[in-house]
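Here's structure05.cif, which has mmCIF, C-alpha atoms and all ligand atoms:
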data_model
loop_
_atom_site.label_atom_id
_atom_site.label_comp_id
_atom_site.auth_asym_id
_atom_site.auth_seq_id
_atom_site.Cartn_x
_atom_site.Cartn_y
_atom_site.Cartn_z
CA MET X 1 -19.15 13.91 2.85
CA PHE X 2 -16.35 11.38 2.70
CA ASN X 3 -13.42 10.37 0.48
CA ALA X 4 -13.53 7.74 -2.24
CA LEU X 5 -11.39 6.80 -5.20
CA VAL X 6 -13.71 7.42 -8.15
CA VAL X 7 -12.95 6.07 -11.62
CA GLU X 8 -14.48 8.13 -14.41
CA LYS X 9 -14.49 7.53 -18.13
CA ASP X 10 -13.47 10.23 -20.57
CA GLU X 11 -16.12 10.01 -23.29
CA GLU X 12 -13.79 11.36 -25.99
CA SER X 13 -10.85 8.97 -25.47
CA GLY X 14 -13.00 6.16 -24.00
CA LYS X 15 -10.34 5.77 -21.30
CA ALA X 16 -11.04 5.58 -17.58
CA SER X 17 -8.93 7.24 -14.88
CA ALA X 18 -9.13 7.41 -11.09
CA SER X 19 -8.89 10.24 -8.57
CA VAL X 20 -9.79 10.83 -4.92
CA LYS X 21 -13.10 12.70 -4.64
CA GLN X 22 -15.49 13.80 -1.90
CA ILE X 23 -18.90 12.16 -2.20
CA GLY X 24 -22.04 11.95 -0.03
CA LEU X 25 -23.91 8.94 1.38
CA ASP X 26 -26.75 9.55 -1.09
CA ALA X 27 -24.35 8.84 -3.97
CA LEU X 28 -23.75 5.26 -2.76
CA PRO X 29 -25.72 2.37 -4.27
CA GLU X 30 -28.49 0.83 -2.18
CA GLY X 31 -27.57 -1.83 0.37
CA GLU X 32 -28.90 -3.20 3.66
CA VAL X 33 -25.69 -2.45 5.56
CA THR X 34 -23.60 0.72 5.63
CA VAL X 35 -20.01 0.01 6.61
CA ALA X 36 -17.43 2.57 7.76
CA VAL X 37 -14.52 1.11 5.81
CA GLU X 38 -11.19 1.05 7.64
CA TYR X 39 -8.93 -0.84 5.25
CA SER X 40 -8.98 -2.20 1.73
CA THR X 41 -6.22 -3.73 -0.37
CA VAL X 42 -4.89 -4.31 -3.89
CA ASN X 43 -5.54 -7.61 -5.63
CA TYR X 44 -4.79 -8.49 -9.24
CA LYS X 45 -8.46 -7.88 -10.10
CA ASP X 46 -8.25 -4.40 -8.57
CA GLY X 47 -5.44 -3.70 -11.01
CA LEU X 48 -7.80 -4.65 -13.85
CA CYS X 49 -10.65 -2.51 -12.45
CA LEU X 50 -8.30 0.48 -12.06
CA SER X 51 -6.94 0.17 -15.61
CA SER X 52 -8.05 2.56 -18.35
CA SER X 53 -10.17 -0.20 -19.95
CA GLY X 54 -11.70 -1.53 -16.73
CA GLY X 55 -10.21 -4.92 -17.62
CA GLY X 56 -13.55 -6.18 -18.95
CA LEU X 57 -14.86 -6.21 -15.37
CA VAL X 58 -16.22 -2.67 -14.91
CA ARG X 59 -19.24 -1.95 -17.07
CA LYS X 60 -20.59 1.31 -15.62
CA TYR X 61 -18.84 4.60 -14.77
CA PRO X 62 -18.37 6.48 -12.50
CA HIS X 63 -17.15 3.51 -10.46
CA ILE X 64 -15.57 2.92 -7.06
CA PRO X 65 -13.26 -0.13 -7.19
CA GLY X 66 -11.93 -2.18 -4.27
CA ILE X 67 -12.93 -5.86 -4.37
CA ASP X 68 -12.60 -6.27 -0.61
CA PHE X 69 -12.70 -4.26 2.59
CA ALA X 70 -12.89 -4.54 6.37
CA GLY X 71 -14.54 -2.10 8.74
CA THR X 72 -17.31 -1.40 11.23
CA VAL X 73 -21.05 -1.52 10.63
CA GLU X 74 -22.54 1.96 10.87
CA ALA X 75 -26.20 1.17 10.07
CA SER X 76 -28.08 -2.00 9.17
CA SER X 77 -31.64 -2.87 8.18
CA ASP X 78 -30.74 -6.58 8.44
CA ASP X 79 -31.04 -8.37 11.82
CA ARG X 80 -27.73 -10.16 11.39
CA TYR X 81 -25.72 -6.95 11.78
CA LYS X 82 -25.84 -3.99 14.15
CA PRO X 83 -23.82 -0.79 14.48
CA GLY X 84 -20.36 -1.48 15.90
CA ASP X 85 -20.02 -4.99 14.42
CA LYS X 86 -16.66 -5.68 12.78
CA VAL X 87 -17.03 -7.14 9.31
CA VAL X 88 -15.05 -8.23 6.28
CA LEU X 89 -16.16 -8.49 2.66
CA THR X 90 -14.61 -10.30 -0.29
CA GLY X 91 -16.13 -11.34 -3.61
CA TRP X 92 -19.72 -11.12 -4.91
CA ARG X 93 -18.40 -8.83 -7.68
CA VAL X 94 -18.16 -5.95 -5.22
CA GLY X 95 -15.62 -3.48 -6.65
CA GLU X 96 -16.50 -4.69 -10.17
CA ALA X 97 -20.28 -4.58 -10.71
CA HIS X 98 -21.06 -2.93 -7.36
CA TRP X 99 -19.17 -0.01 -5.76
CA GLY X 100 -16.38 -1.33 -3.57
CA GLY X 101 -13.94 -0.67 -0.77
CA TYR X 102 -11.84 2.25 -2.05
CA SER X 103 -14.13 4.54 -0.10
CA GLN X 104 -14.58 5.59 3.52
CA LYS X 105 -18.16 4.24 3.39
CA ALA X 106 -19.77 1.36 1.52
CA ASN X 107 -23.37 0.18 1.16
CA VAL X 108 -23.65 -3.58 0.63
CA ARG X 109 -25.96 -6.56 1.01
CA ALA X 110 -25.88 -8.31 4.39
CA ASP X 111 -25.40 -11.68 2.62
CA TRP X 112 -22.04 -10.51 1.32
CA LEU X 113 -20.53 -9.80 4.75
CA VAL X 114 -18.71 -12.10 7.14
CA PRO X 115 -18.13 -11.19 10.81
CA LEU X 116 -14.45 -10.56 11.44
CA PRO X 117 -13.13 -13.72 13.15
CA ASP X 118 -11.68 -13.51 16.66
CA GLY X 119 -7.95 -12.93 16.48
CA LEU X 120 -7.98 -10.69 13.39
CA ASN X 121 -8.39 -6.91 13.29
CA ALA X 122 -9.54 -4.96 10.21
CA ARG X 123 -5.97 -4.15 9.13
CA GLN X 124 -4.87 -7.79 9.39
CA ALA X 125 -8.01 -8.93 7.56
CA MET X 126 -7.07 -6.71 4.62
CA ALA X 127 -3.44 -7.77 4.77
CA VAL X 128 -4.97 -11.18 4.07
CA GLY X 129 -7.62 -9.81 1.68
CA THR X 130 -9.13 -11.70 -1.23
CA ALA X 131 -5.69 -13.00 -2.25
CA GLY X 132 -4.96 -14.50 1.17
CA PHE X 133 -8.50 -15.73 1.72
CA THR X 134 -8.25 -17.54 -1.62
CA ALA X 135 -4.86 -18.98 -0.66
CA MET X 136 -6.58 -20.39 2.45
CA LEU X 137 -9.38 -21.89 0.32
CA ALA X 138 -6.71 -23.51 -1.86
CA VAL X 139 -4.88 -25.03 1.11
CA MET X 140 -8.19 -26.29 2.54
CA ALA X 141 -9.09 -27.91 -0.81
CA LEU X 142 -5.69 -29.63 -1.01
CA GLN X 143 -6.05 -30.92 2.54
CA ASP X 144 -9.62 -32.08 1.85
CA HIS X 145 -8.10 -34.09 -1.01
CA GLY X 146 -5.65 -35.84 1.27
CA MET X 147 -2.47 -33.71 1.17
CA LYS X 148 -0.35 -34.35 4.29
CA PRO X 149 2.99 -32.83 5.39
CA ASP X 150 4.83 -36.16 5.14
CA HIS X 151 3.88 -36.61 1.47
CA GLY X 152 6.67 -34.31 0.28
CA PRO X 153 7.24 -30.73 -0.91
CA VAL X 154 4.35 -28.49 -1.95
CA LEU X 155 4.87 -26.05 -4.81
CA VAL X 156 3.55 -22.47 -4.71
CA THR X 157 3.67 -20.58 -8.02
CA GLY X 158 3.74 -16.78 -8.20
CA ALA X 159 5.15 -17.14 -4.71
CA ALA X 160 6.11 -13.51 -4.06
CA GLY X 161 2.65 -12.24 -5.05
CA GLY X 162 -0.36 -11.95 -2.73
CA VAL X 163 -1.85 -15.43 -3.10
CA GLY X 164 1.61 -16.99 -3.17
CA SER X 165 2.95 -15.18 -0.08
CA VAL X 166 -0.03 -16.13 2.09
CA ALA X 167 -0.10 -19.72 0.79
CA THR X 168 3.62 -20.05 1.57
CA ALA X 169 3.24 -18.77 5.13
CA ILE X 170 0.17 -20.93 5.88
CA LEU X 171 1.64 -24.13 4.42
CA ALA X 172 4.98 -23.67 6.22
CA ASN X 173 3.16 -23.02 9.49
CA LEU X 174 1.16 -26.24 9.02
CA GLY X 175 4.41 -28.18 8.71
CA TYR X 176 4.63 -28.52 4.92
CA GLU X 177 7.91 -28.22 3.07
CA VAL X 178 7.29 -25.32 0.65
CA ALA X 179 8.99 -24.69 -2.70
CA GLY X 180 8.23 -21.23 -4.09
CA VAL X 181 8.37 -20.42 -7.80
CA THR X 182 9.34 -16.81 -8.46
CA GLY X 183 10.44 -14.72 -11.42
CA ARG X 184 12.03 -12.26 -8.98
CA PRO X 185 15.20 -13.85 -7.52
CA GLU X 186 15.61 -10.83 -5.25
CA THR X 187 12.57 -12.02 -3.26
CA ALA X 188 14.31 -15.25 -2.18
CA ASP X 189 15.12 -14.01 1.34
CA TYR X 190 11.57 -12.72 1.74
CA LEU X 191 10.12 -16.09 0.67
CA LYS X 192 12.45 -17.92 3.04
CA SER X 193 11.35 -15.62 5.86
CA LEU X 194 7.77 -16.74 5.15
CA GLY X 195 8.84 -20.36 5.45
CA ALA X 196 9.80 -21.50 1.93
CA THR X 197 12.77 -23.86 2.01
CA GLN X 198 13.31 -24.11 -1.74
CA ILE X 199 13.24 -21.37 -4.38
CA VAL X 200 12.48 -22.43 -7.96
CA ALA X 201 13.35 -19.95 -10.73
CA ARG X 202 10.40 -19.12 -12.98
CA GLU X 203 12.37 -19.93 -16.16
CA GLU X 204 13.06 -23.40 -14.83
CA ILE X 205 9.39 -24.31 -14.83
CA ASN X 206 7.95 -21.97 -17.45
CA GLU X 207 9.45 -23.70 -20.46
CA THR X 208 7.11 -26.02 -22.26
CA THR X 209 8.14 -29.63 -22.43
CA LYS X 210 7.14 -32.28 -24.91
CA ARG X 211 7.08 -34.88 -22.12
CA PRO X 212 3.64 -35.13 -20.53
CA LEU X 213 5.15 -36.76 -17.43
CA GLU X 214 8.34 -35.79 -15.63
CA SER X 215 9.70 -37.17 -12.36
CA GLU X 216 7.19 -37.17 -9.49
CA THR X 217 8.23 -34.15 -7.42
CA TRP X 218 5.36 -32.25 -5.76
CA ALA X 219 2.86 -33.51 -3.18
CA GLY X 220 0.58 -30.54 -3.82
CA CYS X 221 0.53 -27.18 -5.57
CA VAL X 222 -1.13 -23.79 -5.08
CA ASP X 223 -1.03 -22.27 -8.55
CA ALA X 224 -1.54 -18.51 -9.01
CA VAL X 225 -0.04 -18.46 -12.52
CA GLY X 226 -1.91 -20.86 -14.85
CA GLY X 227 -0.86 -21.12 -18.51
CA ALA X 228 2.27 -23.03 -19.53
CA MET X 229 3.51 -23.20 -15.94
CA LEU X 230 0.41 -25.00 -14.71
CA ALA X 231 0.62 -27.41 -17.66
CA ARG X 232 4.22 -28.20 -16.78
CA VAL X 233 3.48 -28.60 -13.06
CA LEU X 234 0.73 -31.16 -13.75
CA GLY X 235 3.35 -33.49 -15.22
CA GLN X 236 5.57 -33.10 -12.14
CA MET X 237 2.96 -34.06 -9.53
CA LYS X 238 3.34 -37.16 -7.39
CA TYR X 239 0.89 -40.02 -7.83
CA GLY X 240 -2.63 -39.00 -6.62
CA ALA X 241 -1.55 -35.45 -5.69
CA SER X 242 -3.65 -32.33 -6.32
CA VAL X 243 -3.10 -28.90 -7.81
CA ALA X 244 -5.31 -26.01 -6.66
CA SER X 245 -5.80 -23.69 -9.63
CA VAL X 246 -6.27 -20.19 -8.25
CA GLY X 247 -5.02 -17.68 -10.79
CA LEU X 248 -3.96 -16.72 -14.28
CA ALA X 249 -1.13 -14.24 -13.73
CA GLY X 250 0.80 -16.07 -16.47
CA GLY X 251 -2.13 -16.79 -18.78
CA ALA X 252 -5.61 -18.29 -19.02
CA GLY X 253 -4.63 -21.04 -21.45
CA LEU X 254 -3.77 -24.56 -20.39
CA PRO X 255 -1.51 -26.20 -22.98
CA ALA X 256 -1.54 -29.58 -21.24
CA THR X 257 -2.31 -33.24 -21.93
CA VAL X 258 -4.66 -35.42 -19.87
CA ILE X 259 -1.86 -37.94 -19.24
CA PRO X 260 -1.10 -36.80 -15.64
CA PHE X 261 -4.80 -37.32 -14.79
CA LEU X 262 -5.00 -40.75 -16.42
CA LEU X 263 -1.65 -42.27 -15.48
CA ARG X 264 -0.95 -40.61 -12.14
CA GLY X 265 -4.43 -39.84 -10.81
CA VAL X 266 -3.48 -36.18 -10.49
CA ASN X 267 -6.37 -33.86 -9.49
CA LEU X 268 -6.89 -30.34 -10.73
CA LEU X 269 -9.01 -28.45 -8.19
CA GLY X 270 -10.72 -25.22 -9.19
CA ILE X 271 -10.72 -22.49 -6.52
CA ASP X 272 -13.27 -19.68 -6.68
CA SER X 273 -13.46 -17.07 -3.94
CA VAL X 274 -16.15 -14.84 -5.46
CA MET X 275 -19.27 -17.01 -5.12
CA GLN X 276 -17.97 -19.14 -2.24
CA PRO X 277 -20.87 -20.22 0.03
CA TYR X 278 -21.17 -18.49 3.42
CA ASP X 279 -20.34 -21.52 5.61
CA ASN X 280 -17.08 -22.16 3.83
CA ARG X 281 -16.23 -18.44 3.97
CA LEU X 282 -16.61 -18.55 7.75
CA ARG X 283 -14.52 -21.71 7.92
CA ALA X 284 -11.79 -20.16 5.77
CA TRP X 285 -11.61 -16.90 7.77
CA GLN X 286 -11.46 -18.88 11.02
CA ARG X 287 -8.67 -21.03 9.58
CA VAL X 288 -6.80 -17.85 8.52
CA ALA X 289 -6.98 -16.59 12.11
CA THR X 290 -5.49 -19.83 13.47
CA ASP X 291 -3.16 -21.03 10.68
CA LEU X 292 -1.48 -17.84 9.46
CA PRO X 293 1.21 -16.53 11.83
CA MET X 294 0.60 -12.80 12.34
CA ASP X 295 4.33 -11.95 12.37
CA LYS X 296 4.65 -13.49 8.90
CA LEU X 297 1.59 -11.55 7.73
CA GLU X 298 3.17 -8.34 9.06
CA ALA X 299 6.28 -9.03 6.96
CA MET X 300 4.13 -9.09 3.78
CA ILE X 301 2.53 -5.66 4.32
CA GLN X 302 3.17 -2.63 2.16
CA PRO X 303 1.07 0.30 3.51
CA ALA X 304 -0.79 2.64 1.12
CA THR X 305 -3.48 5.32 0.93
CA LEU X 306 -6.29 5.99 -1.58
CA SER X 307 -4.12 8.30 -3.67
CA ASP X 308 -1.46 5.57 -4.14
CA LEU X 309 -3.96 3.25 -5.82
CA PRO X 310 -3.71 4.22 -9.51
CA GLN X 311 0.03 3.47 -9.46
CA LEU X 312 -0.36 0.28 -7.41
CA GLY X 313 -3.03 -0.95 -9.82
CA ALA X 314 -0.56 -0.62 -12.70
CA ASP X 315 2.20 -2.25 -10.62
CA ILE X 316 0.18 -5.37 -9.75
CA LEU X 317 -0.68 -5.96 -13.42
CA GLN X 318 3.07 -5.91 -14.13
CA GLY X 319 3.70 -8.50 -11.37
CA GLN X 320 5.61 -5.86 -9.43
CA VAL X 321 3.77 -5.92 -6.10
CA LYS X 322 5.48 -7.96 -3.39
CA GLY X 323 3.24 -9.53 -0.74
CA ARG X 324 0.15 -7.60 0.28
CA VAL X 325 -0.73 -3.91 0.03
CA VAL X 326 -2.88 -2.60 2.90
CA VAL X 327 -4.82 0.54 2.01
CA ASP X 328 -5.78 2.80 4.93
CA VAL X 329 -8.78 4.58 3.37
CA ASN X 330 -8.94 7.13 6.20
P1 LIG S 1 -0.09 -10.80 -7.56
O1 LIG S 1 0.25 -9.95 -8.73
O2 LIG S 1 0.18 -10.28 -6.20
O3 LIG S 1 0.68 -12.21 -7.70
C1 LIG S 1 0.86 -12.87 -8.92
C2 LIG S 1 2.29 -13.37 -9.01
O4 LIG S 1 2.41 -14.23 -10.14
C3 LIG S 1 3.32 -12.27 -9.25
O5 LIG S 1 3.71 -11.63 -8.08
C4 LIG S 1 4.45 -13.07 -9.86
O6 LIG S 1 5.11 -13.74 -8.81
C5 LIG S 1 3.73 -14.13 -10.68
N1 LIG S 1 3.61 -13.75 -12.10
C6 LIG S 1 3.18 -12.57 -12.61
N2 LIG S 1 3.21 -12.59 -13.96
C7 LIG S 1 3.69 -13.82 -14.31
C8 LIG S 1 3.96 -14.45 -15.56
N3 LIG S 1 3.75 -13.82 -16.71
N4 LIG S 1 4.44 -15.70 -15.54
C9 LIG S 1 4.66 -16.36 -14.38
N5 LIG S 1 4.42 -15.80 -13.14
C10 LIG S 1 3.94 -14.56 -13.12
O7 LIG S 1 -1.62 -11.22 -7.72
P2 LIG S 1 -2.55 -11.96 -6.65
O8 LIG S 1 -1.71 -12.82 -5.78
O9 LIG S 1 -3.49 -10.99 -6.07
O10 LIG S 1 -3.40 -12.91 -7.63
C11 LIG S 1 -2.76 -13.99 -8.29
C12 LIG S 1 -3.72 -14.61 -9.29
O11 LIG S 1 -4.79 -15.22 -8.62
C13 LIG S 1 -4.34 -13.60 -10.27
O12 LIG S 1 -4.45 -14.18 -11.55
C14 LIG S 1 -5.72 -13.38 -9.68
O13 LIG S 1 -6.65 -12.96 -10.64
C15 LIG S 1 -6.02 -14.75 -9.13
N6 LIG S 1 -7.00 -14.75 -8.05
C16 LIG S 1 -8.05 -15.61 -8.15
C17 LIG S 1 -8.98 -15.70 -7.18
C18 LIG S 1 -10.05 -16.71 -7.27
O14 LIG S 1 -11.11 -16.55 -6.64
N7 LIG S 1 -9.83 -17.77 -8.00
C19 LIG S 1 -8.94 -14.79 -6.01
C20 LIG S 1 -7.74 -13.98 -5.93
C21 LIG S 1 -6.82 -13.95 -6.95
P3 LIG S 1 6.71 -13.86 -8.78
O15 LIG S 1 7.25 -12.48 -8.97
O16 LIG S 1 7.01 -14.45 -7.44
O17 LIG S 1 7.06 -14.77 -9.92
#
Serialized structure, structure tokens:
Amino acid sequence: MFNALVVEKDEESGKASASVKQIGLDALPEGEVTVAVEYSTVNYKDGLCLSSSGGGLVRKYPHIPGIDFAGTVEASSDDRYKPGDKVVLTGWRVGEAHWGGYSQKANVRADWLVPLPDGLNARQAMAVGTAGFTAMLAVMALQDHGMKPDHGPVLVTGAAGGVGSVATAILANLGYEVAGVTGRPETADYLKSLGATQIVAREEINETTKRPLESETWAGCVDAVGGAMLARVLGQMKYGASVASVGLAGGAGLPATVIPFLLRGVNLLGIDSVMQPYDNRLRAWQRVATDLPMDKLEAMIQPATLSDLPQLGADILQGQVKGRVVVDVN
């Protein structure tokens, strides 16, 4: 028997709630690889999966959330993995459609796993987690589209959140000048410690403007917010620059015009971590191990246990989690 955070639905109220329970291996879904989970984390999507409605992501209860985890292979019927191998998992709708990482054991498909890259342990991998992995994908996409440090400042929106914190630290380490947008002025020192040199107040950039183009300011952008902020940012990009659209913490709408695309050659790059092909996953994790300074990562960590998760899920949906939560499931 082992511990897991199980979400159950109350048939009368129709509301779901989570608690730590003891379950057995036979309760787990089928999978080619059994992983002894060491750490998981809290991403925005986990907040949705932990909510009383399941956020439109969880369809079947009882459910074990946790969209990512890192740990050690315990048993495998697939040749690619053997007991003792260190692995990390993000995406593939694990923690949403399939039971996830808020459990001391997980059964998953071998295709979903990535070997832990040299230079990262399981705790560090989950300090990065889906949010940080996606931040890396965003930086890679911007670089693939020609972004260079001497082009000018790069904007990171939702900077004090998970995606934003990791993007800030990676970009600063790669020599980019980073401007962080935050709605929490009290996080300014934290963002500067990660390498941001400019703090932009959320209100400054959240207001809608009637002008489709403003002065050319940003050489790139990692956007975790979407909505009106993304629309505004598009009009502030330098000629030919790109925005990596990662998240929707501020809304799924995009009240924009096409003018920045047509008159300034601005690119809007979509970033998806869930179905990302294996080769690019490997590339991204290896880049995380080399490009993200581990002392900066350490400064982002808020430790937690399985029983802290219901509260943390609510906090992240309110935009109240700073940096990255690392959940020690043992
Ligand atoms: P966090 O909650 O940690 O970060 C989001 C940040 O956005 C907050 O910390 C806050 O930053 C800012 N924010 C929150 N609400 C608003 C608002 N109403 N208006 C403007 N800014 C706001 O979440 P994550 O970093 O884990 O995820 C960020 C987004 O990226 C989410 O939408 C998530 O779903 C998405 N995502 C997408 C992935 C993909 O594959 N495309 C993978 C991972 C995440 P501050 O306080 O600094 O303003």
Quiz item: Can you list, as a ChimeraX atom specification, every protein, DNA or RNA residue that comes within 10 Å of Ala224 (chain X) when you count all atoms listed in the file, leaving out same-chain residues fewer than 5 positions away?
Solution: /X:131,135,156-159,161-164,167,229-230,244-251
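Counting from CA of Trp99 (chain X), the distance to CA of Ile64 (chain X) is 4.8 Å.
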Just need the box for region 16-31 of chain X, edges along x, y and z, holding every atom the file lists for it with 5 Å tacked onto each side, so centre and edge lengths in Å to one decimal, as AutoDock Vina command-line options.
--center_x -18.7 --center_y 6.0 --center_z -8.1 --size_x 29.6 --size_y 25.6 --size_z 29.0
Quiz item: Between X:Val288, X:Leu268, X:Val329, X:Ala172, which has the minimum distance to Thr305 (chain X) (counting all atoms listed in the file)?
Solution: X:Val329
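Checking X:Gly31, X:Gly253, X:Pro62, X:Gly323 one by one against Trp112 (chain X), counting all atoms listed in the file, you find the shortest gap at X:Gly31.
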Quiz item: How many Å separate atom C13 of ligand LIG 1 (chain S) from CA of Thr217 (chain X)?
Solution: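 Calculated distance between atom C13 of ligand LIG 1 (chain S) and CA of Thr217 (chain X) is 24.3 Å.
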Exercise. Can you work out which one of X:Lys192, X:Leu309, X:Met136, X:Gln318 has the shortest atom-to-atom distance to Leu174 (chain X), counting all atoms listed in the file?
Key: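 Using all atoms listed in the file, Leu174 (chain X) sits closest to X:Met136.
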Exercise. Tell me which of X:Ile259, X:Met237, X:Leu89, X:Leu306 sits closest to Phe69 (chain X), counting only C-alpha atoms.
Key: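 The shortest atom-to-atom distance to Phe69 (chain X) comes from X:Leu89.
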Exercise. Could you check which of X:Ala125, X:Glu30, X:Ser242, X:Glu12 is closest to Gly146 (chain X), using all atoms listed in the file?
Key: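 Distance minimum relative to Gly146 (chain X) lands on X:Ser242.
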